[in-house]
$ cat final23.txt   # compact mmCIF, C-alpha atoms
# COMPACT_ATOMS: atom_id res chain seq x y z
CA MET A 1 -3.08 -14.56 -22.97
CA ASN A 2 -1.86 -18.11 -22.48
CA CYS A 3 -2.52 -18.81 -18.78
CA ASN A 4 -0.67 -22.13 -19.06
CA ASP A 5 2.59 -20.30 -19.69
CA LYS A 6 4.63 -20.92 -16.53
CA LYS A 7 6.58 -17.69 -17.17
CA HIS A 8 3.77 -15.66 -15.57
CA ASP A 9 3.92 -17.71 -12.36
CA HIS A 10 7.72 -17.43 -12.23
CA ILE A 11 7.72 -13.66 -12.62
CA GLY A 12 4.98 -13.18 -10.03
CA ASP A 13 6.63 -15.39 -7.43
CA ASN A 14 9.93 -13.52 -7.81
CA HIS A 15 8.38 -10.05 -7.44
CA LEU A 16 10.03 -8.52 -10.47
CA GLY A 17 8.94 -5.00 -11.24
CA SER A 18 9.74 -1.34 -11.20
CA VAL A 19 9.63 1.24 -8.41
CA HIS A 20 7.69 3.38 -10.88
CA TYR A 21 4.06 2.35 -10.94
CA PRO A 22 2.97 0.71 -14.24
CA LEU A 23 0.02 2.95 -15.17
CA ARG A 24 -0.98 3.39 -18.79
CA ASP A 25 -1.06 6.88 -20.33
CA ASP A 26 -4.84 6.64 -20.72
CA ALA A 27 -5.43 5.41 -17.17
CA PHE A 28 -7.91 8.22 -16.44
CA ALA A 29 -9.63 8.55 -19.80
CA LEU A 30 -12.72 7.03 -18.18
CA SER A 31 -14.58 8.64 -15.29
CA ASP A 32 -15.03 6.70 -12.05
CA ASP A 33 -18.67 6.04 -12.92
CA GLU A 34 -17.70 4.71 -16.35
CA LYS A 35 -15.09 2.45 -14.79
CA ILE A 36 -17.60 1.12 -12.27
CA THR A 37 -20.12 0.31 -15.01
CA ARG A 38 -17.57 -1.52 -17.14
CA ILE A 39 -15.96 -3.39 -14.23
CA ALA A 40 -19.37 -4.52 -12.99
CA GLY A 41 -20.08 -6.07 -16.38
CA HIS A 42 -16.81 -8.00 -16.31
CA VAL A 43 -17.35 -9.18 -12.72
CA LYS A 44 -20.80 -10.46 -13.68
CA GLU A 45 -19.23 -12.34 -16.59
CA ILE A 46 -16.62 -13.89 -14.29
CA LEU A 47 -19.30 -15.06 -11.86
CA THR A 48 -21.31 -16.48 -14.74
CA ILE A 49 -18.27 -18.35 -16.12
CA LEU A 50 -17.67 -19.81 -12.66
CA GLY A 51 -21.19 -21.21 -12.77
CA LEU A 52 -22.98 -18.84 -10.37
CA ASP A 53 -26.55 -17.72 -10.89
CA THR A 54 -26.22 -13.92 -11.03
CA THR A 55 -30.00 -13.52 -10.78
CA ASP A 56 -29.97 -14.93 -7.25
CA ASP A 57 -30.98 -12.39 -4.59
CA SER A 58 -27.67 -12.78 -2.75
CA ILE A 59 -25.46 -12.43 -5.82
CA GLN A 60 -27.24 -10.10 -8.23
CA GLY A 61 -25.81 -6.98 -6.56
CA THR A 62 -22.28 -8.39 -6.27
CA PRO A 63 -20.93 -7.06 -9.60
CA CYS A 64 -21.82 -3.46 -8.71
CA ARG A 65 -20.61 -3.81 -5.13
CA VAL A 66 -17.25 -5.19 -6.28
CA ALA A 67 -16.86 -2.52 -8.97
CA LYS A 68 -17.59 0.32 -6.54
CA MET A 69 -15.22 -1.21 -3.98
CA PHE A 70 -12.42 -1.47 -6.54
CA VAL A 71 -12.71 2.12 -7.78
CA LYS A 72 -13.70 3.96 -4.59
CA GLU A 73 -11.89 1.95 -1.90
CA THR A 74 -9.53 -0.94 -2.64
CA PHE A 75 -7.75 0.70 -5.59
CA LYS A 76 -8.43 4.38 -4.93
CA GLY A 77 -4.69 4.95 -4.60
CA LEU A 78 -4.34 4.54 -8.37
CA ASN A 79 -5.81 8.00 -8.88
CA PRO A 80 -3.37 10.89 -8.18
CA ALA A 81 -6.41 13.02 -7.28
CA ASN A 82 -6.60 10.98 -4.05
CA MET A 83 -3.01 11.74 -3.07
CA PRO A 84 -3.09 13.44 0.35
CA LYS A 85 -1.82 17.01 0.41
CA LEU A 86 1.47 16.81 2.29
CA SER A 87 1.78 20.39 3.44
CA ALA A 88 4.92 20.78 5.51
CA PHE A 89 5.41 23.72 7.85
CA ASP A 90 8.31 25.23 9.75
CA ASN A 91 9.56 23.35 12.77
CA LYS A 92 8.71 26.10 15.24
CA TYR A 93 8.91 23.64 18.13
CA HIS A 94 12.60 23.16 17.37
CA TYR A 95 12.08 19.44 17.84
CA ASN A 96 15.20 17.93 16.35
CA GLU A 97 14.88 14.37 17.56
CA MET A 98 13.36 11.44 15.71
CA LEU A 99 9.60 11.44 15.16
CA VAL A 100 8.08 7.98 14.79
CA GLU A 101 4.54 7.05 13.75
CA LYS A 102 4.23 3.33 14.32
CA ASN A 103 1.58 0.66 13.84
CA ILE A 104 -0.02 2.35 10.83
CA ARG A 105 -2.45 -0.25 9.52
CA VAL A 106 -1.80 -1.36 5.94
CA PHE A 107 -4.53 -2.77 3.70
CA SER A 108 -3.21 -3.46 0.22
CA THR A 109 -3.60 -5.96 -2.62
CA CYS A 110 -0.99 -8.23 -4.20
CA GLU A 111 -0.75 -7.27 -7.86
CA HIS A 112 0.16 -10.84 -8.83
CA HIS A 113 -2.92 -12.61 -7.46
CA LEU A 114 -5.22 -9.75 -6.34
CA LEU A 115 -5.28 -11.13 -2.81
CA PRO A 116 -5.02 -8.98 0.34
CA ILE A 117 -1.82 -7.74 1.95
CA VAL A 118 -2.47 -6.83 5.57
CA GLY A 119 -0.03 -5.53 8.15
CA PHE A 120 1.60 -2.48 9.69
CA ALA A 121 3.88 0.32 8.54
CA HIS A 122 6.25 2.25 10.80
CA VAL A 123 7.38 5.64 9.53
CA ALA A 124 9.95 8.03 10.97
CA TYR A 125 11.79 11.20 10.07
CA ILE A 126 14.27 13.64 11.56
CA SER A 127 13.36 17.22 10.74
CA ASN A 128 15.63 19.33 8.60
CA GLY A 129 13.57 22.43 9.34
CA LYS A 130 10.17 21.14 8.19
CA VAL A 131 7.48 19.06 9.92
CA ILE A 132 4.25 17.48 8.75
CA GLY A 133 0.90 16.71 10.42
CA LEU A 134 0.81 13.28 12.05
CA SER A 135 -2.34 12.13 10.26
CA LYS A 136 -0.65 12.86 6.92
CA LEU A 137 1.73 9.99 7.59
CA ASN A 138 -1.19 7.58 7.96
CA ARG A 139 -2.90 9.00 4.87
CA LEU A 140 0.29 8.69 2.83
CA VAL A 141 0.69 5.02 3.74
CA ASP A 142 -2.96 4.34 2.92
CA TYR A 143 -2.69 6.11 -0.45
CA TYR A 144 0.18 3.99 -1.70
CA ALA A 145 -1.33 0.83 -0.22
CA ARG A 146 -4.72 1.22 -1.94
CA ARG A 147 -3.71 -0.20 -5.31
CA PRO A 148 -2.45 -3.48 -6.71
CA GLN A 149 1.04 -3.48 -5.18
CA VAL A 150 4.26 -5.18 -4.31
CA GLN A 151 5.48 -4.40 -0.82
CA GLU A 152 8.98 -3.41 -1.90
CA ARG A 153 7.67 -0.72 -4.23
CA MET A 154 5.16 0.58 -1.69
CA THR A 155 7.88 0.96 0.95
CA GLU A 156 10.06 3.05 -1.36
CA GLN A 157 7.13 5.12 -2.62
CA ILE A 158 6.14 6.10 0.92
CA ALA A 159 9.73 7.06 1.74
CA SER A 160 10.24 9.02 -1.47
CA ALA A 161 7.02 11.04 -1.08
CA LEU A 162 7.87 11.89 2.53
CA GLN A 163 11.40 12.95 1.62
CA GLU A 164 10.07 15.24 -1.07
CA ALA A 165 7.49 16.84 1.23
CA LEU A 166 9.94 17.35 4.11
CA GLU A 167 12.90 18.29 1.91
CA THR A 168 15.16 15.86 3.73
CA GLU A 169 16.69 12.43 3.18
CA ASN A 170 16.23 11.62 6.90
CA VAL A 171 13.32 9.21 6.48
CA ALA A 172 12.81 5.59 7.52
CA VAL A 173 10.00 3.19 6.63
CA VAL A 174 9.47 -0.39 7.78
CA VAL A 175 6.51 -2.48 6.60
CA ASP A 176 5.61 -5.85 8.14
CA ALA A 177 2.70 -7.54 6.39
CA LYS A 178 1.03 -10.84 5.66
CA HIS A 179 0.40 -11.74 2.01
CA LEU A 180 -2.62 -13.97 1.53
CA CYS A 181 -1.13 -15.18 -1.76
CA VAL A 182 1.46 -16.89 0.47
CA ASN A 183 -0.70 -17.51 3.55
CA SER A 184 -3.79 -19.00 1.88
CA ARG A 185 -2.64 -20.39 -1.50
CA GLY A 186 0.49 -21.81 -3.07
CA ILE A 187 2.78 -22.77 -0.18
CA LYS A 188 -0.11 -22.03 2.25
CA ASP A 189 2.06 -20.82 5.12
CA PRO A 190 -0.30 -18.88 7.44
CA ASP A 191 2.40 -17.78 9.88
CA SER A 192 4.90 -16.08 7.60
CA SER A 193 5.05 -12.33 7.05
CA THR A 194 7.17 -10.10 4.84
CA VAL A 195 9.31 -7.24 6.16
CA THR A 196 10.64 -4.48 3.91
CA ALA A 197 12.58 -1.39 4.93
CA TYR A 198 13.97 1.88 3.66
CA PHE A 199 16.58 3.93 5.53
CA GLY A 200 17.65 7.31 4.21
CA GLY A 201 19.99 10.06 5.38
CA LYS A 202 20.81 9.86 9.09
CA PHE A 203 18.94 6.56 9.38
CA ARG A 204 21.79 4.88 7.52
CA ASP A 205 23.86 5.39 10.67
CA PRO A 206 23.71 2.04 12.54
CA GLU A 207 23.06 3.73 15.90
CA VAL A 208 20.23 5.90 14.57
CA ARG A 209 18.71 2.91 12.82
CA LYS A 210 18.96 0.90 16.04
CA GLU A 211 17.15 3.68 17.94
CA PHE A 212 14.33 3.71 15.38
CA LEU A 213 13.93 -0.06 15.49
CA SER A 214 13.82 0.02 19.29
CA TYR A 215 10.97 2.57 19.20
CA ILE A 216 8.77 0.48 16.91
CA GLN A 217 9.19 -2.48 19.25
CA LEU A 218 7.87 -0.54 22.25
CA GLU A 219 4.61 -1.87 23.66
CA THR A 220 1.81 0.63 23.09
CA LYS A 221 -0.65 1.12 25.97
CA TYR A 222 -4.08 1.42 24.42
CA LEU A 223 -6.80 3.54 25.99
CA TYR A 224 -9.61 1.32 24.72

$ encode --input "final23.txt" --output "structure tokens"
Amino acid sequence: MNCNDKKHDHIGDNHLGSVHYPLRDDAFALSDDEKITRIAGHVKEILTILGLDTTDDSIQGTPCRVAKMFVKETFKGLNPANMPKLSAFDNKYHYNEMLVEKNIRVFSTCEHHLLPIVGFAHVAYISNGKVIGLSKLNRLVDYYARRPQVQERMTEQIASALQEALETENVAVVVDAKHLCVNSRGIKDPDSSTVTAYFGGKFRDPEVRKEFLSYIQLETKYLY
């Protein structure tokens, strides 16, 4: 790879990509333990190339720590086995108004620079006869966030998975997040954030959309 080719910078800065995640067909040919072992070796090589002494007490465990973090935490959303089970059940409460789960914390990673994306997701749906456990909304957001990502794709993936589980188009997702690739490098603008949104079904109605946006702006009274 020619890292001096400016084409790579141009593509990354303009967030080109597909809604479908770019996994290879052999993405899971290796076990998690095999991936950790191989990643650790590469991390050690990177540290060595950078000039660090990987025999130092503080650094010698870093390759394994990073490898385990990548596979088990930061990028665990790459593995479909970690997809939360989105079991929907009948709306026996006959609650037909909007349900909003707001301020869902997002921890993701920019796939262009492998720097953190940190922010909040706000998810809503209007039941078409099915409902889903509240914690599943948080788990769904976390699943799609825990991988190298672009925010636009993540927003649509969350919406699409929820629509499929609930068997309704009446889903809305708003994500507001800071990208450290913008905040700490390049333009170095620490105050900017990126907002993406998806509105499906009834949420395409301007009044319904306005209601949803008003809910996510409500001040939450915390108990602790």

$ residues_near_point --input "final23.txt" --point "(16.9, 20.1, 16.4)" --cutoff "8 Å" --atoms "only C-alpha atoms" --output "PyMOL selection string"
chain A and resi 94-97+127-128

$ residues_around --input "final23.txt" --residues "region 186-195 of chain A" --least-positions-apart "2" --cutoff "12 Å" --atoms "all atoms listed in the file" --output "JSON, numbers by chain"
{"A": [9, 12, 13, 113, 117, 118, 119, 120, 121, 122, 150, 151, 152, 154, 155, 173, 174, 175, 176, 177, 178, 179, 180, 181, 182, 183, 184, 197, 198]}

$ atom_distance --input "final23.txt" --atom1 "CA of Phe70 (chain A)" --atom2 "CA of Arg153 (chain A)"
20.2 Å

$ residues_around --input "final23.txt" --residues "Met83 (chain A)" --least-positions-apart "5" --cutoff "10 Å" --atoms "only C-alpha atoms" --output "list in words"
Lys76, Gly77, Leu78, Arg139, Leu140, Asp142, Tyr143 and Tyr144 of chain A

$ write_last_selection --input "final23.txt" --atoms "C-alpha atoms" --output "CSV table (one decimal), in the frame of the given file"
chain,number,residue,atom,x,y,z
A,76,LYS,CA,-8.4,4.4,-4.9
A,77,GLY,CA,-4.7,5.0,-4.6
A,78,LEU,CA,-4.3,4.5,-8.4
A,139,ARG,CA,-2.9,9.0,4.9
A,140,LEU,CA,0.3,8.7,2.8
A,142,ASP,CA,-3.0,4.3,2.9
A,143,TYR,CA,-2.7,6.1,-0.4
A,144,TYR,CA,0.2,4.0,-1.7

$ residues_around --input "final23.txt" --residues "Phe75 (chain A)" --least-positions-apart "4" --cutoff "12 Å" --atoms "all atoms listed in the file" --output "tab-separated table (two decimals) with C-alpha atoms, in the coordinates of the input"
chain	number	residue	atom	x	y	z
A	32	ASP	CA	-15.03	6.70	-12.05
A	35	LYS	CA	-15.09	2.45	-14.79
A	36	ILE	CA	-17.60	1.12	-12.27
A	66	VAL	CA	-17.25	-5.19	-6.28
A	67	ALA	CA	-16.86	-2.52	-8.97
A	68	LYS	CA	-17.59	0.32	-6.54
A	69	MET	CA	-15.22	-1.21	-3.98
A	70	PHE	CA	-12.42	-1.47	-6.54
A	71	VAL	CA	-12.71	2.12	-7.78
A	79	ASN	CA	-5.81	8.00	-8.88
A	80	PRO	CA	-3.37	10.89	-8.18
A	82	ASN	CA	-6.60	10.98	-4.05
A	107	PHE	CA	-4.53	-2.77	3.70
A	108	SER	CA	-3.21	-3.46	0.22
A	109	THR	CA	-3.60	-5.96	-2.62
A	110	CYS	CA	-0.99	-8.23	-4.20
A	111	GLU	CA	-0.75	-7.27	-7.86
A	114	LEU	CA	-5.22	-9.75	-6.34
A	116	PRO	CA	-5.02	-8.98	0.34
A	142	ASP	CA	-2.96	4.34	2.92
A	143	TYR	CA	-2.69	6.11	-0.45
A	144	TYR	CA	0.18	3.99	-1.70
A	145	ALA	CA	-1.33	0.83	-0.22
A	146	ARG	CA	-4.72	1.22	-1.94
A	147	ARG	CA	-3.71	-0.20	-5.31
A	148	PRO	CA	-2.45	-3.48	-6.71
A	149	GLN	CA	1.04	-3.48	-5.18

$ closest_residue --input "final23.txt" --among "A:Cys64, A:Ile216, A:Ile158, A:Leu137" --to "Leu86 (chain A)" --atoms "all atoms listed in the file"
A:Leu137

$ atom_distance --input "final23.txt" --atom1 "CA of Leu166 (chain A)" --atom2 "CA of Asp90 (chain A)"
9.8 Å

$ closest_residue --input "final23.txt" --among "A:Ile39, A:Val100, A:Leu115, A:Val141" --to "Glu211 (chain A)" --atoms "all atoms listed in the file"
A:Val100

$ closest_residue --input "final23.txt" --among "A:Val208, A:Asn138, A:Tyr125, A:Ile104" --to "Glu169 (chain A)" --atoms "all atoms listed in the file"
A:Tyr125

$ closest_residue --input "final23.txt" --among "A:Glu207, A:Pro63, A:Ala27, A:Asp53" --to "Ala40 (chain A)" --atoms "only C-alpha atoms"
A:Pro63

$ residues_near_point --input "final23.txt" --point "(6.0, 2.9, 18.4)" --cutoff "9 Å" --atoms "all atoms listed in the file" --output "PyMOL selection string"
chain A and resi 100-103+122+212-220

$ write_last_selection --input "final23.txt" --atoms "C-alpha atoms" --output "PDB file, keeping the file's coordinate frame"
ATOM      1  CA  VAL A 100       8.080   7.980  14.790  1.00  0.00           C
ATOM      2  CA  GLU A 101       4.540   7.050  13.750  1.00  0.00           C
ATOM      3  CA  LYS A 102       4.230   3.330  14.320  1.00  0.00           C
ATOM      4  CA  ASN A 103       1.580   0.660  13.840  1.00  0.00           C
ATOM      5  CA  HIS A 122       6.250   2.250  10.800  1.00  0.00           C
ATOM      6  CA  PHE A 212      14.330   3.710  15.380  1.00  0.00           C
ATOM      7  CA  LEU A 213      13.930  -0.060  15.490  1.00  0.00           C
ATOM      8  CA  SER A 214      13.820   0.020  19.290  1.00  0.00           C
ATOM      9  CA  TYR A 215      10.970   2.570  19.200  1.00  0.00           C
ATOM     10  CA  ILE A 216       8.770   0.480  16.910  1.00  0.00           C
ATOM     11  CA  GLN A 217       9.190  -2.480  19.250  1.00  0.00           C
ATOM     12  CA  LEU A 218       7.870  -0.540  22.250  1.00  0.00           C
ATOM     13  CA  GLU A 219       4.610  -1.870  23.660  1.00  0.00           C
ATOM     14  CA  THR A 220       1.810   0.630  23.090  1.00  0.00           C
TER      15      THR A 220
END

$ axis_aligned_box --input "final23.txt" --around "region 176-187 of chain A" --padding-each-side "3 Å" --output "AutoDock Vina command-line options"
--center_x 0.9 --center_y -14.3 --center_z 2.5 --size_x 15.4 --size_y 22.9 --size_z 17.2

$ closest_residue --input "final23.txt" --among "A:Glu34, A:Asp56, A:Glu156, A:Asp25" --to "Thr196 (chain A)" --atoms "all atoms listed in the file"
A:Glu156

$ atom_distance --input "final23.txt" --atom1 "CA of Leu99 (chain A)" --atom2 "CA of Ile126 (chain A)"
6.3 Å

$ build_atoms --input "final23.txt" --residues "region 68-104 of chain A" --atoms "N, CA and C atoms" --output "PDB file, in the coordinates of the input"
ATOM      1  N   LYS A  68     -17.682  -0.889  -7.363  1.00  0.00           N
ATOM      2  CA  LYS A  68     -17.590   0.320  -6.540  1.00  0.00           C
ATOM      3  C   LYS A  68     -16.450   0.202  -5.532  1.00  0.00           C
ATOM      4  N   MET A  69     -16.296  -0.983  -4.952  1.00  0.00           N
ATOM      5  CA  MET A  69     -15.220  -1.210  -3.980  1.00  0.00           C
ATOM      6  C   MET A  69     -13.858  -1.029  -4.635  1.00  0.00           C
ATOM      7  N   PHE A  70     -13.686  -1.594  -5.836  1.00  0.00           N
ATOM      8  CA  PHE A  70     -12.420  -1.470  -6.540  1.00  0.00           C
ATOM      9  C   PHE A  70     -12.062  -0.009  -6.802  1.00  0.00           C
ATOM     10  N   VAL A  71     -12.987   0.742  -7.347  1.00  0.00           N
ATOM     11  CA  VAL A  71     -12.710   2.120  -7.780  1.00  0.00           C
ATOM     12  C   VAL A  71     -12.648   3.090  -6.613  1.00  0.00           C
ATOM     13  N   LYS A  72     -13.570   2.968  -5.657  1.00  0.00           N
ATOM     14  CA  LYS A  72     -13.700   3.960  -4.590  1.00  0.00           C
ATOM     15  C   LYS A  72     -12.912   3.621  -3.320  1.00  0.00           C
ATOM     16  N   GLU A  73     -12.556   2.343  -3.152  1.00  0.00           N
ATOM     17  CA  GLU A  73     -11.890   1.950  -1.900  1.00  0.00           C
ATOM     18  C   GLU A  73     -10.581   1.205  -2.149  1.00  0.00           C
ATOM     19  N   THR A  74     -10.700  -0.062  -2.568  1.00  0.00           N
ATOM     20  CA  THR A  74      -9.530  -0.940  -2.640  1.00  0.00           C
ATOM     21  C   THR A  74      -8.411  -0.388  -3.501  1.00  0.00           C
ATOM     22  N   PHE A  75      -8.758   0.215  -4.652  1.00  0.00           N
ATOM     23  CA  PHE A  75      -7.750   0.700  -5.590  1.00  0.00           C
ATOM     24  C   PHE A  75      -7.821   2.217  -5.788  1.00  0.00           C
ATOM     25  N   LYS A  76      -8.318   2.922  -4.798  1.00  0.00           N
ATOM     26  CA  LYS A  76      -8.430   4.380  -4.930  1.00  0.00           C
ATOM     27  C   LYS A  76      -7.068   5.061  -5.005  1.00  0.00           C
ATOM     28  N   GLY A  77      -6.028   4.390  -4.546  1.00  0.00           N
ATOM     29  CA  GLY A  77      -4.690   4.950  -4.600  1.00  0.00           C
ATOM     30  C   GLY A  77      -4.105   5.011  -5.999  1.00  0.00           C
ATOM     31  N   LEU A  78      -4.804   4.432  -6.985  1.00  0.00           N
ATOM     32  CA  LEU A  78      -4.340   4.540  -8.370  1.00  0.00           C
ATOM     33  C   LEU A  78      -4.513   5.950  -8.910  1.00  0.00           C
ATOM     34  N   ASN A  79      -5.474   6.675  -8.364  1.00  0.00           N
ATOM     35  CA  ASN A  79      -5.810   8.000  -8.880  1.00  0.00           C
ATOM     36  C   ASN A  79      -5.028   9.082  -8.139  1.00  0.00           C
ATOM     37  N   PRO A  80      -4.154   9.822  -8.834  1.00  0.00           N
ATOM     38  CA  PRO A  80      -3.370  10.890  -8.180  1.00  0.00           C
ATOM     39  C   PRO A  80      -4.242  11.941  -7.505  1.00  0.00           C
ATOM     40  N   ALA A  81      -5.509  12.049  -7.915  1.00  0.00           N
ATOM     41  CA  ALA A  81      -6.410  13.020  -7.280  1.00  0.00           C
ATOM     42  C   ALA A  81      -6.643  12.674  -5.816  1.00  0.00           C
ATOM     43  N   ASN A  82      -6.397  11.419  -5.441  1.00  0.00           N
ATOM     44  CA  ASN A  82      -6.600  10.980  -4.050  1.00  0.00           C
ATOM     45  C   ASN A  82      -5.327  11.073  -3.215  1.00  0.00           C
ATOM     46  N   MET A  83      -4.252  11.557  -3.822  1.00  0.00           N
ATOM     47  CA  MET A  83      -3.010  11.740  -3.070  1.00  0.00           C
ATOM     48  C   MET A  83      -3.213  12.779  -1.988  1.00  0.00           C
ATOM     49  N   PRO A  84      -2.909  12.450  -0.720  1.00  0.00           N
ATOM     50  CA  PRO A  84      -3.090  13.440   0.350  1.00  0.00           C
ATOM     51  C   PRO A  84      -2.161  14.638   0.160  1.00  0.00           C
ATOM     52  N   LYS A  85      -2.638  15.809   0.512  1.00  0.00           N
ATOM     53  CA  LYS A  85      -1.820  17.010   0.410  1.00  0.00           C
ATOM     54  C   LYS A  85      -0.839  17.030   1.569  1.00  0.00           C
ATOM     55  N   LEU A  86       0.438  16.915   1.259  1.00  0.00           N
ATOM     56  CA  LEU A  86       1.470  16.810   2.290  1.00  0.00           C
ATOM     57  C   LEU A  86       2.089  18.175   2.567  1.00  0.00           C
ATOM     58  N   SER A  87       1.296  19.048   3.124  1.00  0.00           N
ATOM     59  CA  SER A  87       1.780  20.390   3.440  1.00  0.00           C
ATOM     60  C   SER A  87       2.710  20.352   4.639  1.00  0.00           C
ATOM     61  N   ALA A  88       3.953  20.712   4.410  1.00  0.00           N
ATOM     62  CA  ALA A  88       4.920  20.780   5.510  1.00  0.00           C
ATOM     63  C   ALA A  88       4.990  22.222   6.010  1.00  0.00           C
ATOM     64  N   PHE A  89       5.291  22.384   7.288  1.00  0.00           N
ATOM     65  CA  PHE A  89       5.410  23.720   7.850  1.00  0.00           C
ATOM     66  C   PHE A  89       6.670  23.808   8.700  1.00  0.00           C
ATOM     67  N   ASP A  90       7.060  25.024   9.022  1.00  0.00           N
ATOM     68  CA  ASP A  90       8.310  25.230   9.750  1.00  0.00           C
ATOM     69  C   ASP A  90       8.285  24.565  11.115  1.00  0.00           C
ATOM     70  N   ASN A  91       9.411  24.029  11.483  1.00  0.00           N
ATOM     71  CA  ASN A  91       9.560  23.350  12.770  1.00  0.00           C
ATOM     72  C   ASN A  91       9.743  24.388  13.888  1.00  0.00           C
ATOM     73  N   LYS A  92       8.649  25.050  14.229  1.00  0.00           N
ATOM     74  CA  LYS A  92       8.710  26.100  15.240  1.00  0.00           C
ATOM     75  C   LYS A  92       8.922  25.552  16.651  1.00  0.00           C
ATOM     76  N   TYR A  93       8.688  24.249  16.807  1.00  0.00           N
ATOM     77  CA  TYR A  93       8.910  23.640  18.130  1.00  0.00           C
ATOM     78  C   TYR A  93      10.394  23.379  18.367  1.00  0.00           C
ATOM     79  N   HIS A  94      11.176  23.461  17.307  1.00  0.00           N
ATOM     80  CA  HIS A  94      12.600  23.160  17.370  1.00  0.00           C
ATOM     81  C   HIS A  94      12.835  21.746  17.884  1.00  0.00           C
ATOM     82  N   TYR A  95      11.926  20.853  17.467  1.00  0.00           N
ATOM     83  CA  TYR A  95      12.080  19.440  17.840  1.00  0.00           C
ATOM     84  C   TYR A  95      12.993  18.787  16.821  1.00  0.00           C
ATOM     85  N   ASN A  96      14.181  18.427  17.264  1.00  0.00           N
ATOM     86  CA  ASN A  96      15.200  17.930  16.350  1.00  0.00           C
ATOM     87  C   ASN A  96      15.524  16.453  16.550  1.00  0.00           C
ATOM     88  N   GLU A  97      14.694  15.801  17.354  1.00  0.00           N
ATOM     89  CA  GLU A  97      14.880  14.370  17.560  1.00  0.00           C
ATOM     90  C   GLU A  97      14.028  13.602  16.541  1.00  0.00           C
ATOM     91  N   MET A  98      14.107  12.301  16.614  1.00  0.00           N
ATOM     92  CA  MET A  98      13.360  11.440  15.710  1.00  0.00           C
ATOM     93  C   MET A  98      11.873  11.474  16.022  1.00  0.00           C
ATOM     94  N   LEU A  99      11.048  11.574  14.989  1.00  0.00           N
ATOM     95  CA  LEU A  99       9.600  11.440  15.160  1.00  0.00           C
ATOM     96  C   LEU A  99       9.175  10.132  14.501  1.00  0.00           C
ATOM     97  N   VAL A 100       8.462   9.303  15.273  1.00  0.00           N
ATOM     98  CA  VAL A 100       8.080   7.980  14.790  1.00  0.00           C
ATOM     99  C   VAL A 100       6.566   7.814  14.877  1.00  0.00           C
ATOM    100  N   GLU A 101       5.959   7.429  13.770  1.00  0.00           N
ATOM    101  CA  GLU A 101       4.540   7.050  13.750  1.00  0.00           C
ATOM    102  C   GLU A 101       4.513   5.546  13.466  1.00  0.00           C
ATOM    103  N   LYS A 102       4.155   4.777  14.486  1.00  0.00           N
ATOM    104  CA  LYS A 102       4.230   3.330  14.320  1.00  0.00           C
ATOM    105  C   LYS A 102       2.846   2.691  14.307  1.00  0.00           C
ATOM    106  N   ASN A 103       2.828   1.443  13.881  1.00  0.00           N
ATOM    107  CA  ASN A 103       1.580   0.660  13.840  1.00  0.00           C
ATOM    108  C   ASN A 103       0.514   1.304  12.950  1.00  0.00           C
ATOM    109  N   ILE A 104       0.933   1.833  11.801  1.00  0.00           N
ATOM    110  CA  ILE A 104      -0.020   2.350  10.830  1.00  0.00           C
ATOM    111  C   ILE A 104      -0.567   1.141  10.055  1.00  0.00           C
TER     112      ILE A 104
END
